[in-house]
Structures are given as C-alpha cells and as structure tokens.
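File shown: coords.txt. Contents: compact mmCIF, C-alpha atoms.
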# COMPACT_ATOMS: atom_id res chain seq x y z
CA MET B 1 -0.12 -33.92 -55.25
CA GLU B 2 -2.04 -31.67 -52.84
CA ARG B 3 -2.99 -28.12 -53.54
CA ASP B 4 -1.60 -25.27 -51.47
CA ASP B 5 -5.11 -23.90 -50.86
CA ASP B 6 -6.05 -27.05 -48.96
CA ASN B 7 -3.06 -26.81 -46.62
CA SER B 8 -3.64 -23.15 -45.80
CA THR B 9 -7.25 -23.66 -44.70
CA ARG B 10 -6.69 -26.85 -42.71
CA PRO B 11 -5.05 -25.16 -39.66
CA ASP B 12 -7.86 -22.57 -39.60
CA PHE B 13 -10.51 -25.28 -39.64
CA THR B 14 -8.66 -27.31 -37.00
CA ALA B 15 -8.43 -24.31 -34.68
CA TRP B 16 -12.10 -23.45 -35.28
CA SER B 17 -13.27 -27.01 -34.72
CA ASP B 18 -11.21 -27.25 -31.51
CA ARG B 19 -12.94 -24.13 -30.17
CA VAL B 20 -16.36 -25.43 -31.16
CA GLU B 21 -15.59 -28.79 -29.54
CA LYS B 22 -14.62 -27.12 -26.26
CA ILE B 23 -17.80 -25.03 -26.29
CA LEU B 24 -19.95 -28.09 -27.01
CA LYS B 25 -18.32 -30.04 -24.19
CA ARG B 26 -19.01 -27.20 -21.75
CA VAL B 27 -22.61 -26.90 -22.91
CA ILE B 28 -23.15 -30.65 -22.49
CA VAL B 29 -21.66 -30.63 -18.99
CA ILE B 30 -23.80 -27.64 -17.99
CA LEU B 31 -26.95 -29.29 -19.36
CA VAL B 32 -26.20 -32.53 -17.49
CA ILE B 33 -25.71 -30.55 -14.28
CA PHE B 34 -29.02 -28.72 -14.84
CA LEU B 35 -30.75 -32.04 -15.52
CA CYS B 36 -29.44 -33.52 -12.26
CA ILE B 37 -30.48 -30.42 -10.31
CA ALA B 38 -33.96 -30.47 -11.87
CA GLN B 39 -34.41 -34.15 -11.05
CA LEU B 40 -33.25 -33.52 -7.47
CA ILE B 41 -35.70 -30.64 -7.06
CA LEU B 42 -38.56 -32.79 -8.40
CA GLN B 43 -37.97 -35.30 -5.59
CA PHE B 44 -39.55 -32.86 -3.13
CA PRO B 45 -43.37 -32.91 -3.24
CA SER B 46 -43.80 -29.20 -2.54
CA ALA B 47 -41.46 -28.23 -5.36
CA ARG B 48 -43.00 -30.81 -7.70
CA HIS B 49 -46.45 -29.38 -6.96
CA LEU B 50 -45.28 -25.87 -7.92
CA LEU B 51 -43.35 -26.92 -11.05
CA THR B 52 -45.57 -29.55 -12.67
CA THR B 53 -49.24 -30.21 -13.27
CA THR B 54 -48.85 -33.95 -13.73
CA ASP B 55 -49.74 -34.96 -10.17
CA SER B 56 -53.04 -33.09 -10.25
CA SER B 57 -53.87 -34.55 -13.67
CA GLU B 58 -53.39 -38.17 -12.64
CA GLY B 59 -56.74 -38.58 -10.93
CA VAL B 60 -57.97 -39.22 -7.42
CA PRO B 61 -55.91 -41.65 -5.31
CA PHE B 62 -57.61 -44.51 -3.48
CA HIS B 63 -57.09 -43.73 0.22
CA TYR B 64 -58.96 -46.78 1.49
CA ILE B 65 -56.48 -49.27 -0.01
CA SER B 66 -53.88 -50.21 2.60
CA HIS B 67 -50.25 -49.85 1.55
Give the structure from the file, written as structure tokens.
Amino acid sequence: MERDDDNSTRPDFTAWSDRVEKILKRVIVILVIFLCIAQLILQFPSARHLLTTTDSSEGVPFHYISH
C-alpha cells in the first residue's frame, strides 16, 4: 500500500524534472554550438594568433626543410 504523501509529491517532481531536463538540453545545444564556432574561428591563423599563445610557445620552425 502506498502512502498519499508519495503520490502528491510525484507530479511536482515530474514537472520540475521536466523543466530541468529542457533547460539542460538547451544548455548542451548552446555549448555544442559555441564549441563548433570556437573551433571554426581557430582555423584562421590571424584569429588563432590573437586568441591563443600555443603557437608562439611551440618553438622555432625549421624553414630550410622542404615540405
């Protein structure tokens, strides 16, 4: 036999969890979009030079080696 208290709180929790689930889905989609945009921006050398310090920290390239 189930208690009445359990049944009264279940619809509240279900409604709350549905709202939280929708918010989390939106946040995940927005973060994936931002990730794709950031990766696209980093494909351009001028933008990568302004946004990161990794390229300058990697050392001096060998220009005399033919590609």
Expressed in Å to a single decimal, how great is the separation between CA of Gln39 (chain B) and CA of Asp55 (chain B)?
15.4 Å
Kindly compute an axis-aligned box around the listed atoms of region 47-57 of chain B, allowing 5 Å on each side, and express its centre and edge lengths in Å to one decimal as JSON.
{"center_x": -47.7, "center_y": -30.4, "center_z": -9.5, "size_x": 22.4, "size_y": 19.1, "size_z": 18.4}
How far is it from CA of Leu50 (chain B) to CA of Ala38 (chain B), in Å with one decimal?
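Separation of CA of Leu50 (chain B) and CA of Ala38 (chain B): 12.8 Å.
For the pair CA of Ile41 (chain B) and CA of Ile23 (chain B), the interatomic distance is 26.9 Å.
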Just add N, CA and C atoms to region 5-41 of chain B and send it as a PDB file, in the coordinates of the input.
ATOM      1  N   ASP B   5      -3.912 -24.470 -51.477  1.00  0.00           N
ATOM      2  CA  ASP B   5      -5.110 -23.900 -50.860  1.00  0.00           C
ATOM      3  C   ASP B   5      -5.631 -24.796 -49.747  1.00  0.00           C
ATOM      4  N   ASP B   6      -5.571 -26.102 -49.951  1.00  0.00           N
ATOM      5  CA  ASP B   6      -6.050 -27.050 -48.960  1.00  0.00           C
ATOM      6  C   ASP B   6      -5.225 -26.975 -47.671  1.00  0.00           C
ATOM      7  N   ASN B   7      -3.938 -26.855 -47.797  1.00  0.00           N
ATOM      8  CA  ASN B   7      -3.060 -26.810 -46.620  1.00  0.00           C
ATOM      9  C   ASN B   7      -3.210 -25.508 -45.839  1.00  0.00           C
ATOM     10  N   SER B   8      -3.516 -24.427 -46.508  1.00  0.00           N
ATOM     11  CA  SER B   8      -3.640 -23.150 -45.800  1.00  0.00           C
ATOM     12  C   SER B   8      -4.934 -23.069 -44.995  1.00  0.00           C
ATOM     13  N   THR B   9      -5.989 -23.745 -45.431  1.00  0.00           N
ATOM     14  CA  THR B   9      -7.250 -23.660 -44.700  1.00  0.00           C
ATOM     15  C   THR B   9      -7.351 -24.723 -43.616  1.00  0.00           C
ATOM     16  N   ARG B  10      -6.578 -25.779 -43.686  1.00  0.00           N
ATOM     17  CA  ARG B  10      -6.690 -26.850 -42.710  1.00  0.00           C
ATOM     18  C   ARG B  10      -6.366 -26.381 -41.285  1.00  0.00           C
ATOM     19  N   PRO B  11      -5.296 -25.630 -41.043  1.00  0.00           N
ATOM     20  CA  PRO B  11      -5.050 -25.160 -39.660  1.00  0.00           C
ATOM     21  C   PRO B  11      -6.161 -24.243 -39.147  1.00  0.00           C
ATOM     22  N   ASP B  12      -6.756 -23.436 -40.019  1.00  0.00           N
ATOM     23  CA  ASP B  12      -7.860 -22.570 -39.600  1.00  0.00           C
ATOM     24  C   ASP B  12      -9.061 -23.407 -39.173  1.00  0.00           C
ATOM     25  N   PHE B  13      -9.379 -24.419 -39.978  1.00  0.00           N
ATOM     26  CA  PHE B  13     -10.510 -25.280 -39.640  1.00  0.00           C
ATOM     27  C   PHE B  13     -10.235 -26.067 -38.371  1.00  0.00           C
ATOM     28  N   THR B  14      -9.015 -26.546 -38.195  1.00  0.00           N
ATOM     29  CA  THR B  14      -8.660 -27.310 -37.000  1.00  0.00           C
ATOM     30  C   THR B  14      -8.800 -26.437 -35.754  1.00  0.00           C
ATOM     31  N   ALA B  15      -8.319 -25.219 -35.825  1.00  0.00           N
ATOM     32  CA  ALA B  15      -8.430 -24.310 -34.680  1.00  0.00           C
ATOM     33  C   ALA B  15      -9.899 -23.993 -34.402  1.00  0.00           C
ATOM     34  N   TRP B  16     -10.678 -23.750 -35.450  1.00  0.00           N
ATOM     35  CA  TRP B  16     -12.100 -23.450 -35.280  1.00  0.00           C
ATOM     36  C   TRP B  16     -12.838 -24.644 -34.681  1.00  0.00           C
ATOM     37  N   SER B  17     -12.566 -25.829 -35.217  1.00  0.00           N
ATOM     38  CA  SER B  17     -13.270 -27.010 -34.720  1.00  0.00           C
ATOM     39  C   SER B  17     -12.865 -27.339 -33.284  1.00  0.00           C
ATOM     40  N   ASP B  18     -11.624 -27.052 -32.907  1.00  0.00           N
ATOM     41  CA  ASP B  18     -11.210 -27.250 -31.510  1.00  0.00           C
ATOM     42  C   ASP B  18     -11.983 -26.322 -30.575  1.00  0.00           C
ATOM     43  N   ARG B  19     -12.166 -25.073 -30.994  1.00  0.00           N
ATOM     44  CA  ARG B  19     -12.940 -24.130 -30.170  1.00  0.00           C
ATOM     45  C   ARG B  19     -14.387 -24.560 -30.060  1.00  0.00           C
ATOM     46  N   VAL B  20     -14.964 -24.980 -31.174  1.00  0.00           N
ATOM     47  CA  VAL B  20     -16.360 -25.430 -31.160  1.00  0.00           C
ATOM     48  C   VAL B  20     -16.497 -26.664 -30.286  1.00  0.00           C
ATOM     49  N   GLU B  21     -15.545 -27.574 -30.357  1.00  0.00           N
ATOM     50  CA  GLU B  21     -15.590 -28.790 -29.540  1.00  0.00           C
ATOM     51  C   GLU B  21     -15.547 -28.456 -28.048  1.00  0.00           C
ATOM     52  N   LYS B  22     -14.689 -27.519 -27.661  1.00  0.00           N
ATOM     53  CA  LYS B  22     -14.620 -27.120 -26.260  1.00  0.00           C
ATOM     54  C   LYS B  22     -15.932 -26.494 -25.792  1.00  0.00           C
ATOM     55  N   ILE B  23     -16.526 -25.663 -26.644  1.00  0.00           N
ATOM     56  CA  ILE B  23     -17.800 -25.030 -26.290  1.00  0.00           C
ATOM     57  C   ILE B  23     -18.887 -26.084 -26.147  1.00  0.00           C
ATOM     58  N   LEU B  24     -18.945 -27.036 -27.079  1.00  0.00           N
ATOM     59  CA  LEU B  24     -19.950 -28.090 -27.010  1.00  0.00           C
ATOM     60  C   LEU B  24     -19.786 -28.954 -25.765  1.00  0.00           C
ATOM     61  N   LYS B  25     -18.550 -29.255 -25.405  1.00  0.00           N
ATOM     62  CA  LYS B  25     -18.320 -30.040 -24.190  1.00  0.00           C
ATOM     63  C   LYS B  25     -18.819 -29.295 -22.960  1.00  0.00           C
ATOM     64  N   ARG B  26     -18.545 -28.002 -22.896  1.00  0.00           N
ATOM     65  CA  ARG B  26     -19.010 -27.200 -21.750  1.00  0.00           C
ATOM     66  C   ARG B  26     -20.524 -27.140 -21.706  1.00  0.00           C
ATOM     67  N   VAL B  27     -21.155 -26.958 -22.860  1.00  0.00           N
ATOM     68  CA  VAL B  27     -22.610 -26.900 -22.910  1.00  0.00           C
ATOM     69  C   VAL B  27     -23.209 -28.221 -22.446  1.00  0.00           C
ATOM     70  N   ILE B  28     -22.643 -29.336 -22.892  1.00  0.00           N
ATOM     71  CA  ILE B  28     -23.150 -30.650 -22.490  1.00  0.00           C
ATOM     72  C   ILE B  28     -23.007 -30.852 -20.992  1.00  0.00           C
ATOM     73  N   VAL B  29     -21.873 -30.482 -20.435  1.00  0.00           N
ATOM     74  CA  VAL B  29     -21.660 -30.630 -18.990  1.00  0.00           C
ATOM     75  C   VAL B  29     -22.649 -29.758 -18.217  1.00  0.00           C
ATOM     76  N   ILE B  30     -22.858 -28.528 -18.670  1.00  0.00           N
ATOM     77  CA  ILE B  30     -23.800 -27.640 -17.990  1.00  0.00           C
ATOM     78  C   ILE B  30     -25.215 -28.193 -18.065  1.00  0.00           C
ATOM     79  N   LEU B  31     -25.609 -28.722 -19.225  1.00  0.00           N
ATOM     80  CA  LEU B  31     -26.950 -29.290 -19.360  1.00  0.00           C
ATOM     81  C   LEU B  31     -27.133 -30.525 -18.489  1.00  0.00           C
ATOM     82  N   VAL B  32     -26.113 -31.356 -18.363  1.00  0.00           N
ATOM     83  CA  VAL B  32     -26.200 -32.530 -17.490  1.00  0.00           C
ATOM     84  C   VAL B  32     -26.338 -32.101 -16.036  1.00  0.00           C
ATOM     85  N   ILE B  33     -25.606 -31.074 -15.649  1.00  0.00           N
ATOM     86  CA  ILE B  33     -25.710 -30.550 -14.280  1.00  0.00           C
ATOM     87  C   ILE B  33     -27.116 -30.021 -14.027  1.00  0.00           C
ATOM     88  N   PHE B  34     -27.656 -29.237 -14.982  1.00  0.00           N
ATOM     89  CA  PHE B  34     -29.020 -28.720 -14.840  1.00  0.00           C
ATOM     90  C   PHE B  34     -30.033 -29.852 -14.766  1.00  0.00           C
ATOM     91  N   LEU B  35     -29.841 -30.897 -15.549  1.00  0.00           N
ATOM     92  CA  LEU B  35     -30.750 -32.040 -15.520  1.00  0.00           C
ATOM     93  C   LEU B  35     -30.735 -32.709 -14.150  1.00  0.00           C
ATOM     94  N   CYS B  36     -29.547 -32.899 -13.589  1.00  0.00           N
ATOM     95  CA  CYS B  36     -29.440 -33.520 -12.260  1.00  0.00           C
ATOM     96  C   CYS B  36     -30.081 -32.645 -11.198  1.00  0.00           C
ATOM     97  N   ILE B  37     -29.873 -31.339 -11.274  1.00  0.00           N
ATOM     98  CA  ILE B  37     -30.480 -30.420 -10.310  1.00  0.00           C
ATOM     99  C   ILE B  37     -32.001 -30.445 -10.435  1.00  0.00           C
ATOM    100  N   ALA B  38     -32.507 -30.447 -11.664  1.00  0.00           N
ATOM    101  CA  ALA B  38     -33.960 -30.470 -11.870  1.00  0.00           C
ATOM    102  C   ALA B  38     -34.562 -31.767 -11.325  1.00  0.00           C
ATOM    103  N   GLN B  39     -33.900 -32.890 -11.558  1.00  0.00           N
ATOM    104  CA  GLN B  39     -34.410 -34.150 -11.050  1.00  0.00           C
ATOM    105  C   GLN B  39     -34.367 -34.190  -9.522  1.00  0.00           C
ATOM    106  N   LEU B  40     -33.348 -33.592  -8.931  1.00  0.00           N
ATOM    107  CA  LEU B  40     -33.250 -33.520  -7.470  1.00  0.00           C
ATOM    108  C   LEU B  40     -34.367 -32.658  -6.900  1.00  0.00           C
ATOM    109  N   ILE B  41     -34.637 -31.530  -7.529  1.00  0.00           N
ATOM    110  CA  ILE B  41     -35.700 -30.640  -7.060  1.00  0.00           C
ATOM    111  C   ILE B  41     -37.057 -31.334  -7.149  1.00  0.00           C
TER     112      ILE B  41
END
